[in-house]
>>> print(open('protein-v1.csv').read())   # CSV, C-alpha atoms and all ligand atoms
chain,number,residue,atom,x,y,z
M,3,MET,CA,12.4,-43.1,-41.4
M,4,LYS,CA,9.8,-44.9,-39.3
M,5,GLU,CA,9.7,-43.7,-35.8
M,6,ILE,CA,10.6,-46.4,-33.3
M,7,LYS,CA,8.5,-46.8,-30.2
M,8,THR,CA,8.8,-50.5,-29.4
M,9,VAL,CA,11.6,-53.0,-29.9
M,10,GLY,CA,11.4,-56.7,-29.7
M,11,ILE,CA,14.4,-58.7,-28.4
M,12,LEU,CA,15.1,-62.4,-28.6
M,13,THR,CA,18.0,-64.8,-28.1
M,14,SER,CA,18.3,-67.6,-30.6
M,15,GLY,CA,20.4,-70.7,-31.3
M,16,GLY,CA,22.9,-72.0,-28.8
M,17,ASP,CA,22.9,-70.1,-25.5
M,18,ALA,CA,26.1,-68.2,-24.8
M,19,PRO,CA,27.4,-66.6,-21.5
M,20,GLY,CA,26.7,-62.9,-21.7
M,21,MET,CA,23.4,-63.1,-23.5
M,22,ASN,CA,21.7,-61.9,-20.3
M,23,ALA,CA,24.1,-59.0,-20.0
M,24,CYS,CA,23.2,-58.1,-23.6
M,25,VAL,CA,19.4,-58.3,-23.1
M,26,ARG,CA,19.8,-56.1,-20.0
M,27,ALA,CA,21.8,-53.5,-21.9
M,28,VAL,CA,19.3,-53.4,-24.8
M,29,THR,CA,16.4,-53.2,-22.3
M,30,ARG,CA,17.9,-50.4,-20.2
M,31,ALA,CA,19.2,-48.4,-23.2
M,32,ALA,CA,15.8,-48.6,-24.9
M,33,ILE,CA,13.9,-47.6,-21.8
M,34,TYR,CA,16.4,-44.7,-21.2
M,35,ASN,CA,15.3,-43.4,-24.7
M,36,GLY,CA,11.6,-43.7,-23.8
M,37,TRP,CA,11.0,-46.9,-25.9
M,38,LYS,CA,9.1,-49.9,-24.9
M,39,VAL,CA,10.9,-53.3,-24.9
M,40,MET,CA,9.1,-56.6,-25.6
M,41,GLY,CA,11.0,-59.8,-24.6
M,42,ILE,CA,10.3,-62.7,-27.1
M,43,TYR,CA,10.8,-66.1,-25.4
M,44,ARG,CA,12.4,-69.2,-27.0
M,45,GLY,CA,13.8,-67.4,-29.9
M,46,TYR,CA,11.9,-67.4,-33.2
M,47,GLU,CA,9.6,-70.0,-31.7
M,48,GLY,CA,8.2,-67.4,-29.3
M,49,LEU,CA,7.8,-64.9,-32.2
M,50,ILE,CA,5.7,-67.4,-34.1
M,51,ASN,CA,3.7,-68.5,-31.0
M,52,GLY,CA,3.2,-65.0,-29.5
M,53,GLU,CA,5.2,-65.8,-26.4
M,54,ILE,CA,6.0,-62.1,-25.9
M,55,LYS,CA,6.0,-60.0,-22.7
M,56,GLU,CA,7.1,-56.5,-21.8
M,57,LEU,CA,10.5,-56.2,-20.2
M,58,THR,CA,11.1,-53.5,-17.6
M,59,THR,CA,14.2,-52.2,-15.9
M,60,GLU,CA,13.4,-54.5,-13.0
M,61,SER,CA,12.9,-57.6,-15.3
M,62,VAL,CA,16.6,-57.5,-16.1
M,63,SER,CA,17.9,-56.7,-12.6
M,64,ASN,CA,20.4,-59.1,-11.2
M,65,THR,CA,21.0,-60.8,-14.5
M,66,ILE,CA,24.4,-59.5,-15.8
M,67,GLN,CA,26.3,-62.2,-14.0
M,68,ARG,CA,24.0,-65.1,-15.1
M,69,GLY,CA,24.9,-67.6,-17.8
M,70,GLY,CA,22.4,-69.1,-20.2
M,71,THR,CA,19.5,-66.9,-21.4
M,72,LEU,CA,16.6,-65.8,-19.3
M,73,LEU,CA,14.6,-65.3,-22.5
M,74,LYS,CA,15.3,-68.9,-23.3
M,75,THR,CA,16.4,-70.0,-26.7
M,76,ALA,CA,15.6,-72.5,-29.5
M,77,ARG,CA,16.7,-73.6,-32.9
M,78,SER,CA,13.4,-73.0,-34.7
M,79,GLN,CA,12.6,-75.2,-37.6
M,80,ALA,CA,9.3,-73.5,-38.2
M,81,PHE,CA,11.0,-70.1,-38.8
M,82,MET,CA,12.9,-71.7,-41.7
M,83,THR,CA,9.6,-72.0,-43.6
M,84,PRO,CA,7.7,-69.1,-45.3
M,85,GLU,CA,4.6,-70.2,-43.3
M,86,GLY,CA,6.5,-69.8,-40.0
M,87,ARG,CA,7.8,-66.4,-40.9
M,88,LYS,CA,4.3,-65.3,-41.9
M,89,LYS,CA,3.0,-66.2,-38.5
M,90,ALA,CA,6.0,-64.4,-36.9
M,91,TYR,CA,5.3,-61.3,-39.0
M,92,ASP,CA,1.6,-61.4,-37.9
M,93,ASN,CA,2.9,-61.2,-34.3
M,94,VAL,CA,5.3,-58.4,-35.2
M,95,VAL,CA,2.2,-56.4,-36.3
M,96,LYS,CA,0.0,-57.6,-33.4
M,97,PHE,CA,2.6,-56.6,-30.7
M,98,GLY,CA,3.5,-53.4,-32.5
M,99,LEU,CA,7.2,-54.2,-32.9
M,100,ASP,CA,9.0,-51.5,-34.9
M,101,SER,CA,12.3,-53.3,-34.8
M,102,LEU,CA,13.7,-56.7,-33.8
M,103,ILE,CA,17.0,-57.2,-32.0
M,104,ILE,CA,18.3,-60.7,-32.5
M,105,ILE,CA,21.1,-62.1,-30.3
M,106,GLY,CA,22.6,-65.2,-31.8
M,107,GLY,CA,25.0,-67.0,-34.1
M,108,ASN,CA,25.2,-67.6,-37.8
M,109,GLY,CA,21.9,-69.5,-38.3
M,110,SER,CA,20.0,-67.0,-36.2
M,111,LEU,CA,21.2,-64.1,-38.2
M,112,ALA,CA,20.6,-65.9,-41.4
M,113,GLY,CA,16.9,-66.3,-40.2
M,114,ALA,CA,16.9,-62.5,-39.5
M,115,GLN,CA,18.1,-61.7,-43.0
M,116,ASP,CA,15.4,-63.9,-44.6
M,117,PHE,CA,12.8,-62.2,-42.5
M,118,ALA,CA,14.0,-58.7,-43.4
M,119,ASN,CA,14.1,-59.7,-47.1
M,120,GLU,CA,10.5,-60.8,-47.0
M,121,TYR,CA,8.9,-58.2,-44.8
M,122,ASP,CA,9.2,-54.6,-44.0
M,123,ILE,CA,10.9,-55.0,-40.7
M,124,SER,CA,14.1,-53.5,-39.3
M,125,VAL,CA,16.4,-56.1,-37.8
M,126,ILE,CA,19.6,-55.6,-35.8
M,127,GLY,CA,21.8,-58.6,-35.2
M,128,LEU,CA,24.1,-58.9,-32.2
M,129,PRO,CA,26.8,-61.7,-32.4
M,130,GLY,CA,26.0,-64.2,-29.6
M,131,THR,CA,27.8,-67.5,-29.9
M,132,ILE,CA,30.7,-69.3,-28.2
M,133,ASP,CA,32.1,-70.2,-31.7
M,134,ASN,CA,33.3,-66.7,-32.6
M,135,ASP,CA,32.6,-67.5,-36.2
M,136,LEU,CA,30.8,-64.3,-37.3
M,137,TYR,CA,32.7,-62.2,-39.8
M,138,GLY,CA,33.1,-58.5,-39.0
M,139,THR,CA,33.5,-58.7,-35.2
M,140,ASP,CA,36.7,-59.5,-33.4
M,141,SER,CA,34.8,-61.4,-30.7
M,142,THR,CA,31.3,-62.8,-30.2
M,143,ILE,CA,29.4,-62.7,-26.9
M,144,GLY,CA,30.3,-65.9,-25.0
M,145,TYR,CA,33.5,-66.8,-26.8
M,146,ASP,CA,35.8,-65.4,-24.1
M,147,THR,CA,34.0,-67.2,-21.3
M,148,ALA,CA,34.0,-70.5,-23.2
M,149,LEU,CA,37.7,-70.1,-23.9
M,150,ASN,CA,38.4,-69.6,-20.2
M,151,THR,CA,36.2,-72.6,-19.3
M,152,ILE,CA,38.2,-74.8,-21.7
M,153,VAL,CA,41.5,-73.6,-20.4
M,154,GLU,CA,40.4,-74.3,-16.8
M,155,CYS,CA,39.4,-77.8,-17.8
M,156,VAL,CA,42.6,-78.5,-19.7
M,157,ASP,CA,44.7,-77.3,-16.8
M,158,LYS,CA,43.0,-80.0,-14.7
M,159,ILE,CA,43.5,-82.6,-17.4
M,160,ARG,CA,47.2,-81.6,-17.6
M,161,ASP,CA,47.7,-82.8,-14.0
M,162,THR,CA,46.6,-86.3,-15.0
M,163,ALA,CA,48.4,-86.3,-18.3
M,164,THR,CA,51.6,-85.4,-16.5
M,165,SER,CA,51.2,-87.8,-13.6
M,166,HIS,CA,50.5,-90.8,-15.9
M,167,ASP,CA,52.7,-89.8,-18.8
M,168,ARG,CA,49.7,-89.9,-21.1
M,169,ILE,CA,48.6,-88.3,-24.4
M,170,PHE,CA,45.1,-86.7,-24.1
M,171,PHE,CA,43.0,-85.7,-27.0
M,172,VAL,CA,40.6,-83.0,-25.8
M,173,GLU,CA,37.7,-82.2,-28.1
M,174,VAL,CA,36.2,-78.7,-28.0
M,175,MET,CA,33.2,-77.0,-29.6
M,176,GLY,CA,33.3,-74.4,-32.3
M,177,ARG,CA,31.1,-75.9,-35.0
M,178,ASP,CA,33.0,-75.4,-38.3
M,179,ALA,CA,35.5,-72.9,-36.8
M,180,GLY,CA,38.8,-73.5,-34.9
M,181,PHE,CA,39.0,-70.3,-32.8
M,182,LEU,CA,38.2,-72.1,-29.5
M,183,ALA,CA,40.5,-75.0,-30.3
M,184,GLN,CA,43.5,-72.9,-31.5
M,185,ASN,CA,43.4,-70.2,-28.8
M,186,SER,CA,42.6,-72.6,-26.0
M,187,ALA,CA,45.6,-74.7,-27.1
M,188,ILE,CA,47.9,-71.6,-26.9
M,189,ALA,CA,46.4,-70.5,-23.6
M,190,SER,CA,46.7,-73.9,-21.9
M,191,GLY,CA,50.2,-74.7,-23.3
M,192,ALA,CA,48.9,-77.7,-25.3
M,193,GLU,CA,51.2,-79.5,-27.6
M,194,ALA,CA,49.0,-79.2,-30.7
M,195,ALA,CA,45.6,-78.2,-32.0
M,196,ILE,CA,43.8,-79.8,-34.9
M,197,ILE,CA,41.6,-77.2,-36.6
M,198,PRO,CA,39.7,-77.0,-39.9
M,199,GLU,CA,41.5,-73.8,-41.0
M,200,ASP,CA,44.9,-75.5,-41.1
M,201,GLN,CA,44.4,-77.3,-44.4
M,202,THR,CA,47.7,-78.5,-45.8
M,203,ASP,CA,48.6,-81.7,-47.6
M,204,LYS,CA,50.1,-83.2,-44.5
M,205,ASP,CA,47.7,-84.6,-42.0
M,206,GLN,CA,47.7,-82.6,-38.8
M,207,LEU,CA,48.2,-85.6,-36.6
M,208,GLU,CA,51.2,-86.6,-38.7
M,209,GLN,CA,52.6,-83.1,-38.4
M,210,PHE,CA,52.3,-83.3,-34.6
M,211,ILE,CA,53.9,-86.7,-34.5
M,212,SER,CA,56.7,-85.8,-36.9
M,213,ARG,CA,57.6,-82.8,-34.7
M,214,GLY,CA,58.9,-85.5,-32.3
M,215,PHE,CA,56.3,-84.9,-29.7
M,216,ARG,CA,58.1,-87.2,-27.2
M,217,LYS,CA,61.5,-85.6,-27.5
M,218,SER,CA,61.3,-83.2,-24.5
M,219,LYS,CA,58.0,-84.3,-22.9
M,220,ASN,CA,56.5,-87.5,-21.5
M,221,SER,CA,52.9,-86.3,-21.8
M,222,SER,CA,51.0,-84.3,-24.4
M,223,ILE,CA,47.7,-82.6,-24.8
M,224,VAL,CA,46.2,-82.2,-28.3
M,225,ILE,CA,43.1,-80.0,-28.6
M,226,VAL,CA,40.8,-81.2,-31.4
M,227,SER,CA,38.1,-79.0,-32.9
M,228,GLU,CA,34.7,-80.7,-33.1
M,229,SER,CA,34.6,-79.7,-36.8
M,230,GLN,CA,36.7,-82.7,-37.7
M,231,LYS,CA,34.2,-84.8,-39.5
M,232,ASP,CA,36.3,-88.0,-39.3
M,233,GLY,CA,35.4,-88.8,-35.8
M,234,GLY,CA,37.2,-86.0,-33.9
M,235,ALA,CA,39.2,-86.7,-30.8
M,236,MET,CA,38.1,-90.4,-30.7
M,237,HIS,CA,39.4,-90.9,-34.2
M,238,TYR,CA,42.8,-89.4,-33.5
M,239,ALA,CA,43.2,-91.4,-30.3
M,240,GLU,CA,42.4,-94.6,-32.1
M,241,ARG,CA,45.0,-93.8,-34.7
M,242,VAL,CA,47.7,-93.2,-32.1
M,243,ARG,CA,46.7,-96.4,-30.2
M,244,LYS,CA,47.2,-98.4,-33.4
M,245,GLU,CA,50.4,-96.8,-34.7
M,246,TYR,CA,52.0,-96.3,-31.3
M,247,PRO,CA,50.7,-99.0,-29.0
M,248,GLN,CA,53.4,-98.1,-26.4
M,249,TYR,CA,51.5,-94.8,-25.6
M,250,ASP,CA,48.8,-94.5,-23.0
M,251,VAL,CA,46.1,-92.4,-24.8
M,252,ARG,CA,42.9,-90.9,-23.4
M,253,VAL,CA,40.1,-88.8,-24.8
M,254,THR,CA,38.0,-86.0,-23.1
M,255,ILE,CA,35.1,-84.5,-24.9
M,256,LEU,CA,34.2,-81.3,-23.0
M,257,GLY,CA,30.7,-80.9,-24.6
M,258,HIS,CA,28.1,-78.5,-23.2
M,259,LEU,CA,30.0,-77.6,-20.1
M,260,GLN,CA,31.7,-75.1,-22.5
M,261,ARG,CA,28.5,-73.2,-23.0
M,262,GLY,CA,27.4,-72.6,-19.4
M,263,GLY,CA,28.6,-70.6,-16.5
M,264,THR,CA,29.1,-67.0,-15.3
M,265,PRO,CA,30.2,-64.7,-18.2
M,266,SER,CA,33.7,-63.3,-17.9
M,267,ALA,CA,34.1,-59.6,-17.4
M,268,TYR,CA,35.2,-59.3,-21.0
M,269,ASP,CA,31.9,-60.9,-22.2
M,270,ARG,CA,29.8,-58.7,-19.9
M,271,ILE,CA,31.5,-55.5,-21.2
M,272,LEU,CA,31.2,-56.7,-24.8
M,273,ALA,CA,27.6,-57.6,-24.4
M,274,SER,CA,26.8,-54.2,-22.7
M,275,ARG,CA,28.6,-52.3,-25.4
M,276,LEU,CA,26.8,-54.2,-28.2
M,277,GLY,CA,23.4,-54.0,-26.5
M,278,TYR,CA,23.8,-50.2,-26.0
M,279,ALA,CA,25.1,-49.8,-29.5
M,280,SER,CA,22.0,-51.5,-31.0
M,281,ILE,CA,19.8,-48.8,-29.6
M,282,GLU,CA,22.1,-46.1,-30.8
M,283,ALA,CA,22.1,-47.8,-34.3
M,284,LEU,CA,18.4,-47.7,-34.4
M,285,LYS,CA,18.3,-44.1,-33.4
M,286,GLU,CA,20.6,-43.4,-36.4
M,287,GLY,CA,18.2,-45.2,-38.7
M,288,GLN,CA,20.4,-48.3,-39.2
M,289,ARG,CA,18.6,-51.6,-40.2
M,290,ASN,CA,19.6,-55.0,-41.3
M,291,VAL,CA,23.1,-54.8,-39.8
M,292,MET,CA,25.0,-56.9,-37.3
M,293,ILE,CA,26.8,-54.8,-34.7
M,294,GLY,CA,30.4,-55.9,-34.0
M,295,ILE,CA,33.5,-54.6,-32.4
M,296,SER,CA,36.7,-54.3,-34.5
M,297,ASP,CA,39.9,-52.8,-33.1
M,298,ASN,CA,37.9,-51.8,-30.1
M,299,GLU,CA,35.5,-49.7,-32.3
M,300,ILE,CA,31.8,-50.4,-32.8
M,301,VAL,CA,31.2,-51.4,-36.4
M,302,TYR,CA,28.0,-52.0,-38.5
M,303,VAL,CA,28.3,-55.0,-40.8
M,304,PRO,CA,25.5,-55.9,-43.3
M,305,ILE,CA,24.0,-59.1,-42.0
M,306,ASN,CA,24.5,-60.9,-45.2
M,307,ARG,CA,28.2,-60.2,-45.1
M,308,ALA,CA,28.5,-61.3,-41.4
M,309,ILE,CA,26.9,-64.7,-42.2
M,310,LYS,CA,28.3,-65.4,-45.7
M,311,MET,CA,31.9,-64.3,-45.4
M,312,ASN,CA,34.3,-66.7,-43.7
M,313,LYS,CA,36.0,-65.2,-40.7
M,314,PRO,CA,39.7,-65.9,-41.1
M,315,ILE,CA,41.8,-67.2,-38.3
M,316,ASP,CA,45.2,-65.5,-37.8
M,317,LYS,CA,47.6,-68.0,-39.3
M,318,GLU,CA,50.3,-66.6,-37.0
M,319,LEU,CA,48.5,-68.4,-34.1
M,320,ILE,CA,49.3,-71.7,-35.8
M,321,ASN,CA,53.0,-70.8,-35.9
M,322,ILE,CA,53.0,-69.5,-32.3
M,323,LEU,CA,51.6,-72.8,-31.0
M,324,THR,CA,54.1,-74.9,-33.0
M,325,VAL,CA,57.1,-72.9,-31.8
M,326,LEU,CA,56.0,-72.6,-28.2
M,327,SER,CA,55.1,-76.3,-27.8
M,328,ILE,CA,58.5,-77.8,-28.5
U,401,LIG,O1,27.0,-72.8,-31.9
U,401,LIG,C1,27.3,-73.2,-30.6
U,401,LIG,C2,27.4,-74.6,-30.4
U,401,LIG,O2,27.7,-74.9,-29.0
U,401,LIG,C3,28.5,-75.3,-31.3
U,401,LIG,O3,29.8,-75.1,-30.9
U,401,LIG,C4,28.0,-76.7,-31.3
U,401,LIG,O4,28.4,-77.4,-32.5
U,401,LIG,C5,26.5,-76.6,-31.3
U,401,LIG,O5,26.2,-75.3,-30.7
U,401,LIG,C6,25.8,-77.6,-30.4
U,401,LIG,O6,24.5,-77.4,-30.5
U,401,LIG,P1,23.4,-78.1,-29.6
U,401,LIG,O7,23.5,-77.5,-28.2
U,401,LIG,O8,22.1,-77.8,-30.3
U,401,LIG,O9,23.7,-79.6,-29.6
>>> encode(input="protein-v1.csv", output="structure tokens")
Amino acid sequence: MKEIKTVGILTSGGDAPGMNACVRAVTRAAIYNGWKVMGIYRGYEGLINGEIKELTTESVSNTIQRGGTLLKTARSQAFMTPEGRKKAYDNVVKFGLDSLIIIGGNGSLAGAQDFANEYDISVIGLPGTIDNDLYGTDSTIGYDTALNTIVECVDKIRDTATSHDRIFFVEVMGRDAGFLAQNSAIASGAEAAIIPEDQTDKDQLEQFISRGFRKSKNSSIVIVSESQKDGGAMHYAERVRKEYPQYDVRVTILGHLQRGGTPSAYDRILASRLGYASIEALKEGQRNVMIGISDNEIVYVPINRAIKMNKPIDKELINILTVLSI
């Protein structure tokens, strides 16, 4: 087992609240163990371009509460090419990086896996994305904060929906997964959620309408996952306008405000636990694993499983929303 003296750390893909808390945890835990930490800026782009600087205990002071990522981030096209990864590896050698810790989502961990397949480099993935779509961990860094942000926004929209007797279609992020949509719908008392995991023969809008959505209420909120390729919230609003012209329909697309802001206490603790665990994992000789939390225990998941397996949504959540929204 190669002795570790220096670790590189980067954040990649969409920023997520709690990434800074995670960088802080990795940095401090590594320094505690006598290792050197190199911060790589703008994700894999910085690894390719050599935008790499040492991080000290002080560099991560006063960062646990900050959203975004101080290391900056990017979705690197160059790293998807063998030439880009070759340049990145040259910098791994030049800067003496014995291991790379990658905080990011599916695409970022897929890049880490390709890199580890091609070169003799140990990589550790930490799940950082608001989408919560990585298999093997109950939650990803940023998901809880984004969920709370959505709920706060929907609570506000509810005031207008109620005052005007309107139907609101609120579109939320999540890429191809419906975790944000389904759970924000439950937490905000929405009348329905339209998510990709609920695939039945019956169209989800029809199901909502056939439940008699106007029986006990004059206003409704439907959370629509952005994964809907047919035009999302706009599309569903148009359909209701055509089929039920008597209803006053509005659309809100929450967009990137879901990604920003101060991380929740839950995300800060999750990020701190995962960051700390990444250094412990390296000490144990682990490589090419994503570290997750399952049933409150730290788990090591082979990166290729974390990215390839579909994370299932608990179907009971669909029933819960249906029953509670009557
Ligand atoms: O993966 C996080 C995420 O916010 C997704 O929910 C969304 O589909 C995507 O990133 C948006 O990416 P960008 O900020 O590059 O437009």
>>> residues_near_point(input="protein-v1.csv", point="(28.6, -62.8, -32.1)", cutoff="10 Å", atoms="all atoms listed in the file", output="PDB file with C-alpha atoms, keeping the file's coordinate frame")
ATOM      1  CA  ALA M  18      26.100 -68.200 -24.800  1.00  0.00           C
ATOM      2  CA  ILE M 105      21.100 -62.100 -30.300  1.00  0.00           C
ATOM      3  CA  GLY M 106      22.600 -65.200 -31.800  1.00  0.00           C
ATOM      4  CA  GLY M 107      25.000 -67.000 -34.100  1.00  0.00           C
ATOM      5  CA  ASN M 108      25.200 -67.600 -37.800  1.00  0.00           C
ATOM      6  CA  LEU M 111      21.200 -64.100 -38.200  1.00  0.00           C
ATOM      7  CA  GLY M 127      21.800 -58.600 -35.200  1.00  0.00           C
ATOM      8  CA  LEU M 128      24.100 -58.900 -32.200  1.00  0.00           C
ATOM      9  CA  PRO M 129      26.800 -61.700 -32.400  1.00  0.00           C
ATOM     10  CA  GLY M 130      26.000 -64.200 -29.600  1.00  0.00           C
ATOM     11  CA  THR M 131      27.800 -67.500 -29.900  1.00  0.00           C
ATOM     12  CA  ILE M 132      30.700 -69.300 -28.200  1.00  0.00           C
ATOM     13  CA  ASP M 133      32.100 -70.200 -31.700  1.00  0.00           C
ATOM     14  CA  ASN M 134      33.300 -66.700 -32.600  1.00  0.00           C
ATOM     15  CA  ASP M 135      32.600 -67.500 -36.200  1.00  0.00           C
ATOM     16  CA  LEU M 136      30.800 -64.300 -37.300  1.00  0.00           C
ATOM     17  CA  TYR M 137      32.700 -62.200 -39.800  1.00  0.00           C
ATOM     18  CA  GLY M 138      33.100 -58.500 -39.000  1.00  0.00           C
ATOM     19  CA  THR M 139      33.500 -58.700 -35.200  1.00  0.00           C
ATOM     20  CA  ASP M 140      36.700 -59.500 -33.400  1.00  0.00           C
ATOM     21  CA  SER M 141      34.800 -61.400 -30.700  1.00  0.00           C
ATOM     22  CA  THR M 142      31.300 -62.800 -30.200  1.00  0.00           C
ATOM     23  CA  ILE M 143      29.400 -62.700 -26.900  1.00  0.00           C
ATOM     24  CA  GLY M 144      30.300 -65.900 -25.000  1.00  0.00           C
ATOM     25  CA  TYR M 145      33.500 -66.800 -26.800  1.00  0.00           C
ATOM     26  CA  LEU M 272      31.200 -56.700 -24.800  1.00  0.00           C
ATOM     27  CA  ALA M 273      27.600 -57.600 -24.400  1.00  0.00           C
ATOM     28  CA  LEU M 276      26.800 -54.200 -28.200  1.00  0.00           C
ATOM     29  CA  MET M 292      25.000 -56.900 -37.300  1.00  0.00           C
ATOM     30  CA  ILE M 293      26.800 -54.800 -34.700  1.00  0.00           C
ATOM     31  CA  GLY M 294      30.400 -55.900 -34.000  1.00  0.00           C
ATOM     32  CA  ILE M 295      33.500 -54.600 -32.400  1.00  0.00           C
ATOM     33  CA  ALA M 308      28.500 -61.300 -41.400  1.00  0.00           C
TER      34      ALA M 308
END
>>> closest_residue(input="protein-v1.csv", among="M:Ile126, M:Leu256, M:Ile42, M:Lys219", to="M:Ala279", atoms="all atoms listed in the file")
M:Ile126
>>> residues_near_ligand(input="protein-v1.csv", ligand="ligand LIG 401 (chain U)", cutoff="8 Å", atoms="all atoms listed in the file", output="VMD selection string")
chain M and resid 15 to 18 77 107 131 to 133 174 to 178 228 to 229 258 260 to 261
>>> write_last_selection(input="protein-v1.csv", atoms="C-alpha atoms", output="PDB file, keeping the file's coordinate frame")
ATOM      1  CA  GLY M  15      20.400 -70.700 -31.300  1.00  0.00           C
ATOM      2  CA  GLY M  16      22.900 -72.000 -28.800  1.00  0.00           C
ATOM      3  CA  ASP M  17      22.900 -70.100 -25.500  1.00  0.00           C
ATOM      4  CA  ALA M  18      26.100 -68.200 -24.800  1.00  0.00           C
ATOM      5  CA  ARG M  77      16.700 -73.600 -32.900  1.00  0.00           C
ATOM      6  CA  GLY M 107      25.000 -67.000 -34.100  1.00  0.00           C
ATOM      7  CA  THR M 131      27.800 -67.500 -29.900  1.00  0.00           C
ATOM      8  CA  ILE M 132      30.700 -69.300 -28.200  1.00  0.00           C
ATOM      9  CA  ASP M 133      32.100 -70.200 -31.700  1.00  0.00           C
ATOM     10  CA  VAL M 174      36.200 -78.700 -28.000  1.00  0.00           C
ATOM     11  CA  MET M 175      33.200 -77.000 -29.600  1.00  0.00           C
ATOM     12  CA  GLY M 176      33.300 -74.400 -32.300  1.00  0.00           C
ATOM     13  CA  ARG M 177      31.100 -75.900 -35.000  1.00  0.00           C
ATOM     14  CA  ASP M 178      33.000 -75.400 -38.300  1.00  0.00           C
ATOM     15  CA  GLU M 228      34.700 -80.700 -33.100  1.00  0.00           C
ATOM     16  CA  SER M 229      34.600 -79.700 -36.800  1.00  0.00           C
ATOM     17  CA  HIS M 258      28.100 -78.500 -23.200  1.00  0.00           C
ATOM     18  CA  GLN M 260      31.700 -75.100 -22.500  1.00  0.00           C
ATOM     19  CA  ARG M 261      28.500 -73.200 -23.000  1.00  0.00           C
TER      20      ARG M 261
END
>>> closest_residue(input="protein-v1.csv", among="M:Ile328, M:Ile305, M:Met40, M:Met82", to="M:Ser212", atoms="only C-alpha atoms")
M:Ile328
>>> closest_residue(input="protein-v1.csv", among="M:Ile188, M:Gly277, M:Arg213, M:Phe171", to="M:Tyr238", atoms="all atoms listed in the file")
M:Phe171
>>> closest_residue(input="protein-v1.csv", among="M:Leu57, M:Leu99, M:Ala194, M:Val156", to="M:Ile322", atoms="all atoms listed in the file")
M:Ala194
>>> atom_distance(input="protein-v1.csv", atom1="atom CA of M:Lys317", atom2="atom CA of M:Ile300")
24.5 Å
>>> closest_residue(input="protein-v1.csv", among="M:Leu182, M:Val224, M:Val172, M:Ile281", to="M:Ala32", atoms="all atoms listed in the file")
M:Ile281
>>> closest_residue(input="protein-v1.csv", among="M:Ile223, M:Ala76, M:Ile123, M:Leu207", to="M:Lys158", atoms="all atoms listed in the file")
M:Ile223
>>> residues_around(input="protein-v1.csv", residues="M:Asp200", least_positions_apart="6", cutoff="12 Å", atoms="all atoms listed in the file", output="list of chain:residue names")
M:Ala179, M:Gly180, M:Phe181, M:Ala183, M:Gln184, M:Ala194, M:Gln206, M:Leu207, M:Gln209, M:Val226, M:Ser227, M:Ser229, M:Gln230, M:Pro314, M:Ile315, M:Asp316, M:Lys317, M:Glu318, M:Leu319, M:Ile320, M:Asn321
>>> atom_distance(input="protein-v1.csv", atom1="atom CA of M:Ser165", atom2="atom CA of M:Ser222")
11.4 Å
>>> atom_distance(input="protein-v1.csv", atom1="atom CA of M:Tyr34", atom2="atom CA of M:Thr59")
9.4 Å
>>> residues_around(input="protein-v1.csv", residues="M:Tyr43", least_positions_apart="6", cutoff="6 Å", atoms="only C-alpha atoms", output="PyMOL selection string")
chain M and resi 53+73-74
>>> write_last_selection(input="protein-v1.csv", atoms="C-alpha atoms", output="short mmCIF file (atom, residue, chain, number, x, y, z; two decimals), keeping the file's coordinate frame")
data_model
loop_
_atom_site.label_atom_id
_atom_site.label_comp_id
_atom_site.auth_asym_id
_atom_site.auth_seq_id
_atom_site.Cartn_x
_atom_site.Cartn_y
_atom_site.Cartn_z
CA GLU M 53 5.20 -65.80 -26.40
CA LEU M 73 14.60 -65.30 -22.50
CA LYS M 74 15.30 -68.90 -23.30
#
>>> residues_around(input="protein-v1.csv", residues="M:Cys155", least_positions_apart="6", cutoff="12 Å", atoms="all atoms listed in the file", output="list of chain:residue names")
M:Ala148, M:Leu149, M:Asp161, M:Thr162, M:Val172, M:Glu173, M:Val174, M:Ser186, M:Ala187, M:Ala189, M:Ser190, M:Ile223, M:Ile225, M:Thr254, M:Ile255, M:Leu256, M:Gly257, M:Leu259, M:Gln260
>>> decode(input="protein-v1.csv", residues="stretch 270-275 of chain M", atoms="N, CA, C and O atoms", output="mmCIF file, in the first residue's frame")
data_model
loop_
_atom_site.group_PDB
_atom_site.id
_atom_site.type_symbol
_atom_site.label_atom_id
_atom_site.label_comp_id
_atom_site.auth_asym_id
_atom_site.auth_seq_id
_atom_site.Cartn_x
_atom_site.Cartn_y
_atom_site.Cartn_z
ATOM 1 N N ARG M 270 -24.361 20.282 7.015
ATOM 2 C CA ARG M 270 -23.025 20.556 7.572
ATOM 3 C C ARG M 270 -22.485 19.326 8.306
ATOM 4 O O ARG M 270 -21.295 18.998 8.225
ATOM 5 N N ILE M 271 -23.387 18.644 9.021
ATOM 6 C CA ILE M 271 -22.941 17.462 9.781
ATOM 7 C C ILE M 271 -22.615 16.321 8.807
ATOM 8 O O ILE M 271 -21.580 15.656 8.935
ATOM 9 N N LEU M 272 -23.493 16.136 7.824
ATOM 10 C CA LEU M 272 -23.242 15.096 6.818
ATOM 11 C C LEU M 272 -21.897 15.346 6.128
ATOM 12 O O LEU M 272 -21.060 14.443 5.992
ATOM 13 N N ALA M 273 -21.687 16.596 5.701
ATOM 14 C CA ALA M 273 -20.444 16.951 4.995
ATOM 15 C C ALA M 273 -19.231 16.741 5.893
ATOM 16 O O ALA M 273 -18.182 16.245 5.446
ATOM 17 N N SER M 274 -19.363 17.074 7.172
ATOM 18 C CA SER M 274 -18.237 16.914 8.109
ATOM 19 C C SER M 274 -17.944 15.439 8.320
ATOM 20 O O SER M 274 -16.784 15.014 8.341
ATOM 21 N N ARG M 275 -19.015 14.630 8.468
ATOM 22 C CA ARG M 275 -18.810 13.185 8.682
ATOM 23 C C ARG M 275 -18.164 12.549 7.450
ATOM 24 O O ARG M 275 -17.236 11.735 7.569
#
